[in-house]
Every structure is written in structure tokens, then in C-alpha cells.
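Following: one structure in C-alpha cells, then a few remarks.
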Amino acid sequence: MPAPAPRTVSAKSLRIVLLALASLLLASLTLTPLFSSFELKSYDLLSRLLNPERGGSDIVIVQVDQPSLDALAAEGVTWPWPRQVYAPVFERLAQADAVFVDILFTEPSSYGEEDDQLLAAAVARAGNVVLPVFATANQRENDAAGQAFLDRMTVKGVPAPSPSLPSAITPIAPLARGAHGGGNVMIKPDRDGVYRRLPLLFQAAGRTLPHFVLGHLLERRVVSVREGRLVRGTAPLPLDGGALLPRFPRGAQPYQIVSIRELIRDDGRSAYPASWFKGKKVFLGLTAAGLYDLKPTAVSAVTSGVQVHAATLDALLHGTFLQRVPDALAIVFMAAIAAAACAFILTHTSIAANLALLAGLLLASLGVPALLFSQGVYLPLIPPLAALAVAFAAASTYSYATEGRERRFVRRAFSQYMDETVVAHLLKHPDLIKPGGQRRRVTVFFADIAGFTTIAEQFPPEETALMLHDVLNAVSEEVIGHQGVIDKYIGDCVMAFWGAPLARPDAGRNACRAALAALTALERVNAAFKTRGLGTISLRIGLHTGDAIVGNLGSDRLFDYTVVGDTVNLASRLESANKFFATRIMVSDATLVEAGDGFLARELGLIAVKGKALPVRIHELLAERDGAPPELAAWVALYGRAVDAFHHREWQAAAAQFEEALAQRPQDGPALFYLDWCRRCLETPPLTDDWNVIHLKEK
């Protein structure tokens with residue numbers, strides 16, 4: 001048994017792959033630091049739109065705000081305050097789970113040693129105070145209390161982070177001894193000065209120091225160290241280069257705020273008794289603009305430094321941080337966007353379709369990262385947008401340069417006489433219009449103006465030409481609107497067909513609908529003619545379905561997309577045969593069968609047209625069944641019973657029924673014709689087998 005032939009990749013598929021890869025390569029540059037500023041801005045936009053409005057309800061910020069400064073200044077206490085001012089604050093916060101003090105006390109009080117001792121005693125009594133240290137590149141020696149304070153907060157079991165700073169400035173000795181814990185508050189912003197990524201570990205003074213809030217969480221085992229990594233619960237923290245991506249709450253007041261003046265003075269009517277803070281995580285920090293602790297973050301150009309620390313604690317406590325998608329998965333998403341854009345554009349020619357694709361892929365490029373962001377997963381936004389832009393531009397340029405000429409020729413040549421759906425099919429399959437033909441089953445349509453020669457004699461040539469244009473235009477629009485193809489105009493006749501180049505199961509149905517719609521359109525044209533004082537136009541239409549040769553036929557110099565064969569000839573004969581019966585739309589039995597039972601039609605009999613040996617059963621198409629007047633359907637049924645009686649040689653009964661039909665429609669051509677035939681048969685009964693075949697002598 002021979003081995004199967006290897007599959008080959010089509011040229012178009014290869015072009016799609018190469019364009020997608022080239023687009024992906026260019027777009028991948030956006031993953032490099034070269035475009036990081038754009039990605040940072042997109043990160044801020046997503047944060048402002050999708051981050052939660054508020055943070056955890058268990059976090060409280062006690063702020064040194066401008067009203068507090070003003071209130072104490074009115075009492076003669078100017079900034080910086082004596083440290084004993086804070087003592088009652090810590091007494092009020094003694095029941096809190098932790099109190100993070102985002103104020104540096106690294107130098108002795110200017111009010112004397114007693115002032116420091118009063119504050120230190122209050123800190124020690126509270127037993128829950130976390131004080132800051134400040135990692136610095138400046139050389140500074142700490143006293144024994146400071147060294148012990150750093151030793152207490154050192155994180156062990158993790159690799160030393162970089163860079164390494166030589167010193168860490170600690171609180172003064174009395175405070176360092178009385179504090180429950182500590183952590184580093186010196187955090188550098190991103191390259192554009194905005195705080196987004198917050199490191200959790202720092203190397204300073206020869207030790208690995210925790211972030212300001214991390215030491216407390218390590219003590220509470222909310223976060224732990226396992227196998228050299230920081231773990232929350234059972235999952236390692238998703239650190240981006242050692243830094244956490246907290247989701248800063250975007251609301252104007254994301255955490256519960258208490259002004260420090262509410263805690264300094266206690267007149268017995270405070271809304272914040274000690275029990276109110278029980279179990280809460282409390283931050284004490286500076287928010288007054290003049291105290292210079294305001295920072296830009298992803299959600300706001302002005303955020304107090306204490307809120308940055310609060311957001312970090314919030315993220316670690318409640319899991320409101322972002323996990324960055326690996327670059328490999330980001331590239332896969334970019335590749336999917338680029339491949340979809342290239343594949344669609346190289347296989348579709350419609351500008352509207354390509355713009356719809358662009359809109360859809362743009363929605364995906366924006367929507368997928370936004371949806372993931374809202375769920376705590378960070379997929380960079382700029383790379384997929386870049387992939388889409390590059391792929392769309394590259395594929396569009398390539399398509400226009402290499403295939404646009406052929407497409408423009410096809411569209412220019414065919415859009416005038418084909419429905420856009422058919423033109424789009426040709427653009428996808430241009431081989432269908434190469435010289436030569438194919439055998440296809442088609443429905444052929446002929447529409448001719450009745451008595452046009454007589455009409456032309458009544459009006460000037462210019463007026464006649466305008467009348468002809470209006471009629472042919474109305475008929476053509478209905479043909480094209482029903483997915484037909486205009487083959488040619490032959491004087492005052494329109495030739496069209498269905499079933500090629502796009503084979504459709506509803507070809508016969510569309511052809512019949514187009515014929516009925518053409519007569520309706522003619523009524524509108526005649527109404528316009530009447531207002532201009534012109535004559536009334538009548539149409540005769542013939543339809544036949546069968547096999548024919550379809551394609552670009554002609555010479556190398558001049559050819560047309562047309563249909564030829566006996567099917568065409570018979571359709572033309574049927575159009576002409578309307579004169580014999582005084583009908584308007586004559587269809588063959590083959591067409592009526594293909595159109596389905598959705599139409600109201602009546603049989604006209606068997607005819608043998610000139611040049612055809614075998615008779616053909618024909619019908620007059622009257623209306624679509626849905627919407628046809630009930631009286632018309634009843635009259636067609638009466639006429640049908642008369643025709644059946646005629647074919648069964650029951651001429652007396654048939655004549656009576658034809659007379660009944662004529663009583664309702666005295667000028668009906670087929671009924672008059674058959675009534676006369678019935679009378680002749682009654683006088684001289686026919687003896688031949690083909691007695692009921694109508695032989696037409698004229699074309």
C-alpha cells in the first residue's frame with residue numbers, strides 16, 4: 001500500500017503565518033523597557049477604572065491633617081509638636097491589633113529628654129506599636145538600642161535582596177526599646193515617579209529588613225517564609241521583581257479616617273473610644289499638604305504616604321494584589337491577536353467586515369486584560385494592542401499591494417450587476433471568473449418591455465431613453481437585491497440568473513421573488529411616468545431552471561461572465577410566450593418546484609416551444625402565498641379544478657368552471673383560451689395522444 005502523499009501548506013496559509021510572526025516580532029518590542037512608560041500609563045488607567053472603591057474595613061488611618069495642625073496652633077502648640085502630644089493617642093489605641101506609626105522619630109526631641117520619655121512610656125504601655133526605620137545609602141552608625149531593634153525585625157531564611165544599602169536609620173533609643181516591632185518605610189517609586197510596585201524585603205545595614213507592615217504579618221503568620229520565599233497561606237506571593245503590586249483603592253476615602261485631634265483631647269464625648277479601635281489595624285501618619293508626605297500612585301496624583309502603606313497591608317491581608325501573567329502567556333495572547341487579524345484580512349475583502357474585525361479584536365485586546373485585571377491578574381495592555389495595530393497594518397498593506405489589484409478588478413467589473421454577497425464570494429474564489437465555463441444548475445430570468453417599439457414611436461428618442469433607463473434600473477435593482485446576477489441588457493430586455501457563481505439552495509425562490517418585486521417596482525415607475533405625462537409600461541417575465549454553462553466566455557480580448565445553453569433559450573421562449581396567454585410572469589415547472597410551495601401559481605399547461613421537441617409544463621406566477629388575498633387564492637383553486645377537468649377530457653365540466661372563473665375575471669387570458677379550447681374539443685373530440693400540448697410557432 002503506497003504511503004499517503006504529504007500535505008502541502010497553501011501559499012495563502014504561509015503568507016498568513018509569516019505576516020503574523022513578523023507582526024508578533026515587532027509587537028514584542030513593547031514588552032521591553034523601551035516602551036515601559038506606555039505600559040505604566042495603561043496600568044494606571046486600569047487601576048483608576050477597575051480597582052475596588054474601598055479597602056478593608058479593619059484598617060483605620062489616624063491622620064495628622066491640616067485641621068489638627070490649626071486646632072493645636074490655636075492653643076499655642078506649633079509644629080513639630082512636642083512628642084508627649086502623641087501619648088494620649090497611643091493610650092486610646094491600646095486595644096488595636098497594631099498601630100503603624102508612619103512618622104520618623106530618629107532625633108531627640110527639641111523639647112528635652114523628658115518629652116521623649118513620656119512618648120516612649122506610652123508606646124511601651126500600648127505594646128502594639130510598629131515604628132519605622134529608614135534604609136539609606138548614607139553611612140550612619142546606630143546605637144545598641146538601634147542595633148537590637150534592627151535585629152528584632154530581621155527576616156531570616158530568604159535570599160538577600162538587592163540593592164544593598166549600608167545603613168538603616170532607627171528611632172531614638174527609648175522608642176526603639178519600647179516599640180513592639182518595626183519595618184522599612186523608604187520605598188522608591190517607579191522610573192516615572194509613581195508608586196505602583198512595593199518591595200517587601202530590603203537589604204540594609206547588613207540585614208534583610210521587612211517592609212513597614214510585613215514584620216507584623218510575619219508575626220501573625222498571615223505571611224510566612226517557606227523554602228526561601230514569602231508565602232501567603234499556601235501560595236507564594238506573586239512578587240514582580242521582588243515587589244508586590246497592590247491594588248490601591250480608587251475611592252476618594254478608601255479607608256476609615258480619624259483626625260488625630262479627636263484622640264488628643266478627650267472631653268468624654270468622643271466618637272472614638274478605645275473600644276472602637278479594638279482589633280483594628282491603625283496607621284498614624286501625616287496628610288497635611290505642608291508636611292510633604294504626599295505621593296503619586298496608580299490611582300491618584302496625590303496620595304498620602306500613609307495610604308500607600310495601608311494599601312500594602314490591605315493587599316497582604318485580603319489578597320487584593322495583582323499577579324502578573326508570565327511573558328510567555330502574554331506572547332501567546334499577542335500571537336492569537338496577530339494571527340486572527342492576518343488570517344481574516346487576507347481572506348476577506350469587505351472593508352466593513354475588516355473594520356468589524358478590527359473593532360472585535362480591539363475589544364478583545366482591551367477587554368481580556370481589563371477582565372483579568374478586575375480579577376487580580378495583570379496582563380499587559382500595550383503589547384496586544386501593538387500586535388493588533390502592527391498585524392492589521394501589515395496585512396492590510398500586503399493585501400492591498402499583492403491582491404488588491406485583482407480584487408479591485410473583480411469588484412469594479414462585477415459590483416454593477418451582482419449583489420455584494422456574490423461579489424464577496426468571487427473575491428474569495430477568483431478562479432471562478434477565469435476564462436472558461438463550468439456546468440451549473442441555474443435559474444435564468446428574462447424580462448422584456450411589452451410593445452416597446454410602439455412606445456418608442458410615440459415619444460422623442462431622449463424621452464424614450466430615459467423611460468428605458470428607469471424601467472431597466474428598477475428591474476435590475478430587484479434582481480441584484482435578491483442575490484441575482486445581471487447577465488446583460490439586450491435592447492429593452494434584461495437577462496439575469498441565479499445559482500452561479502455562488503450556488504445557493506434558495507436560487508429558485510429568490511428568482512421568483514425578484515420577478516414579483518420587479519412588477520411591484522414597475523408600478524412605482526409607471527406612477528412616476530403618469531405624473532410626467534408619459535405612457536404606461538408593461539413587462540413580460542420568463543423563468544426556467546436547468547443546467548447551463550456559466551463562466552467568463554468570449555475571446556482573450558473581450559469576454560463576459562455569462563450563462564449559455566438550452567436553459568437560457570427556454571427561459572427566453574417563456575418570456576415571449578406570455579404574449580400568447582396575456583400573462584406577465586411565466587415559469588417552468590422545474591423553477592416552481594425549486595422555488596418551493598411558498599408561491600401562488602396556476603398551471604398554464606404543456607407547451608412545445610419552437611425548436612424544442614419535448615413539451616414543458618408551465619405556470620403563471622401570481623404572488624407569494626403568505627400575504628396573498630384570500631379571494632385570489634380561491635379563484636386560483638377554481639381555475640385549477642377547471643384545468644384538471646380539462647386534462648381528464650371532462651370538457652363540459654371544465655367549460656362550466658372556466659365560465660365561472662371568467663365571471664369573476666372577464667379578461668383573464670388563460671381562462672378565455674381554455675374555454676375556447678373546451679368548446680372545440682366538445683365539437684370535435686381530439687384523437688391524438690398529445691392533444692393537450694400547445695404548440696407555439698413563434699419565438
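Here's how to read the names in the C-alpha cells: chain A, B, ... by the order shown, residue numbers from 1 in each chain, ligand numbers from 1 in the order shown.
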
What's around segment 457-459 of chain A at 10 Å? Count only C-alpha atoms, leave out sequence neighbours fewer than 5 positions away in its own chain, and write the answer as a ChimeraX atom specification. /A:452,464-465,467,534-535

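Those residues that approach segment 593-599 of chain A to within 7 Å, counting only C-alpha atoms, are A:Gly508, A:Arg509, A:Ala623, A:Glu624, A:Arg625; same-chain residues fewer than 5 positions away are not listed.
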
Show which residues sit within 10 Å of Glu523 of chain A, as a PDB file with C-alpha atoms, in the first residue's frame. Count only C-alpha atoms, and ignore same-chain residues fewer than 6 positions away.
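Generated file (selection_11.pdb):
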```
ATOM      1  CA  ALA A 517     -40.805  42.513  -6.879  1.00  0.00           C
ATOM      2  CA  PHE A 529     -44.388  58.280 -15.702  1.00  0.00           C
ATOM      3  CA  THR A 536     -47.571  53.045 -19.176  1.00  0.00           C
ATOM      4  CA  ILE A 537     -45.040  50.244 -19.416  1.00  0.00           C
ATOM      5  CA  SER A 538     -45.816  46.509 -19.168  1.00  0.00           C
TER       6      SER A 538
END
```

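Excluding segment 130-145 of chain A itself and any same-chain residue fewer than 5 positions from it, the protein and nucleic acid residues within 7 Å of it, counting only C-alpha atoms, are Val99, Phe100, Val101, Asp102, Leu104, Leu165, Pro166, Ser167, Ala168, Ile169, Thr170, Pro171, Ala173, Ala176, Arg177, Ala179, His180, Gly181, Gly182, Gly183, Asn184, Val185, Met186, Ala204 and Phe212 of chain A.
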
Residues at most 10 Å from Val564 of chain A, counting only C-alpha atoms, excluding those fewer than 6 positions away in the same chain, as a PyMOL selection string? chain A and resi 437+439+444+547-551+553

Let's have the selection written as a PDB file, in the first residue's frame, with C-alpha atoms.
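out.pdb, freshly written:
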```pdb
ATOM      1  CA  GLY A 437     -17.036  27.801 -18.066  1.00  0.00           C
ATOM      2  CA  ARG A 439     -21.636  23.293 -15.725  1.00  0.00           C
ATOM      3  CA  VAL A 444     -32.480  32.087 -15.813  1.00  0.00           C
ATOM      4  CA  ASP A 547     -28.210  23.024 -16.295  1.00  0.00           C
ATOM      5  CA  ALA A 548     -26.125  25.553 -18.225  1.00  0.00           C
ATOM      6  CA  ILE A 549     -22.534  26.571 -18.828  1.00  0.00           C
ATOM      7  CA  VAL A 550     -21.502  29.537 -16.650  1.00  0.00           C
ATOM      8  CA  GLY A 551     -18.247  31.468 -16.715  1.00  0.00           C
ATOM      9  CA  LEU A 553     -16.933  33.301 -22.032  1.00  0.00           C
TER      10      LEU A 553
END
```

As an MDAnalysis selection string, which residues of segment 329-557 of chain A does DSSP assign to helix (DSSP H, G or I)? chainID A and resid 329:347 351:374 382:414 420:428 430:433 452:458 461:481 507:531

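For Glu53 of chain A, the list of residues within 8 Å, based on only C-alpha atoms and with local chain neighbours fewer than 4 positions off taken out, reads A:Pro249, A:Arg250, A:Gly251, A:Pro254.
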
Output of the above residues as a PDB file, in the first residue's frame, restricted to N, CA, C and O atoms:
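Below is the file that was written, out00.pdb:
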```
ATOM      1  N   PRO A 249      -6.947  51.158  46.439  1.00  0.00           N
ATOM      2  CA  PRO A 249      -8.363  51.535  46.308  1.00  0.00           C
ATOM      3  C   PRO A 249      -8.486  52.891  45.636  1.00  0.00           C
ATOM      4  O   PRO A 249      -7.724  53.817  45.914  1.00  0.00           O
ATOM      5  N   ARG A 250      -9.455  53.021  44.731  1.00  0.00           N
ATOM      6  CA  ARG A 250      -9.562  54.230  43.916  1.00  0.00           C
ATOM      7  C   ARG A 250     -10.545  55.258  44.464  1.00  0.00           C
ATOM      8  O   ARG A 250     -10.699  56.339  43.873  1.00  0.00           O
ATOM      9  N   GLY A 251     -11.217  54.960  45.548  1.00  0.00           N
ATOM     10  CA  GLY A 251     -12.176  55.910  46.096  1.00  0.00           C
ATOM     11  C   GLY A 251     -11.496  57.110  46.722  1.00  0.00           C
ATOM     12  O   GLY A 251     -10.303  57.082  47.063  1.00  0.00           O
ATOM     13  N   PRO A 254     -10.645  55.801  50.788  1.00  0.00           N
ATOM     14  CA  PRO A 254     -10.690  54.341  50.724  1.00  0.00           C
ATOM     15  C   PRO A 254     -10.699  53.664  52.087  1.00  0.00           C
ATOM     16  O   PRO A 254     -11.126  52.510  52.197  1.00  0.00           O
TER      17      PRO A 254
END
```

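The smallest atom-to-atom distance between Glu262 of chain A and any of A:Leu687, A:Val222, A:Val64, A:Leu600, using only C-alpha atoms, is found for A:Val64.
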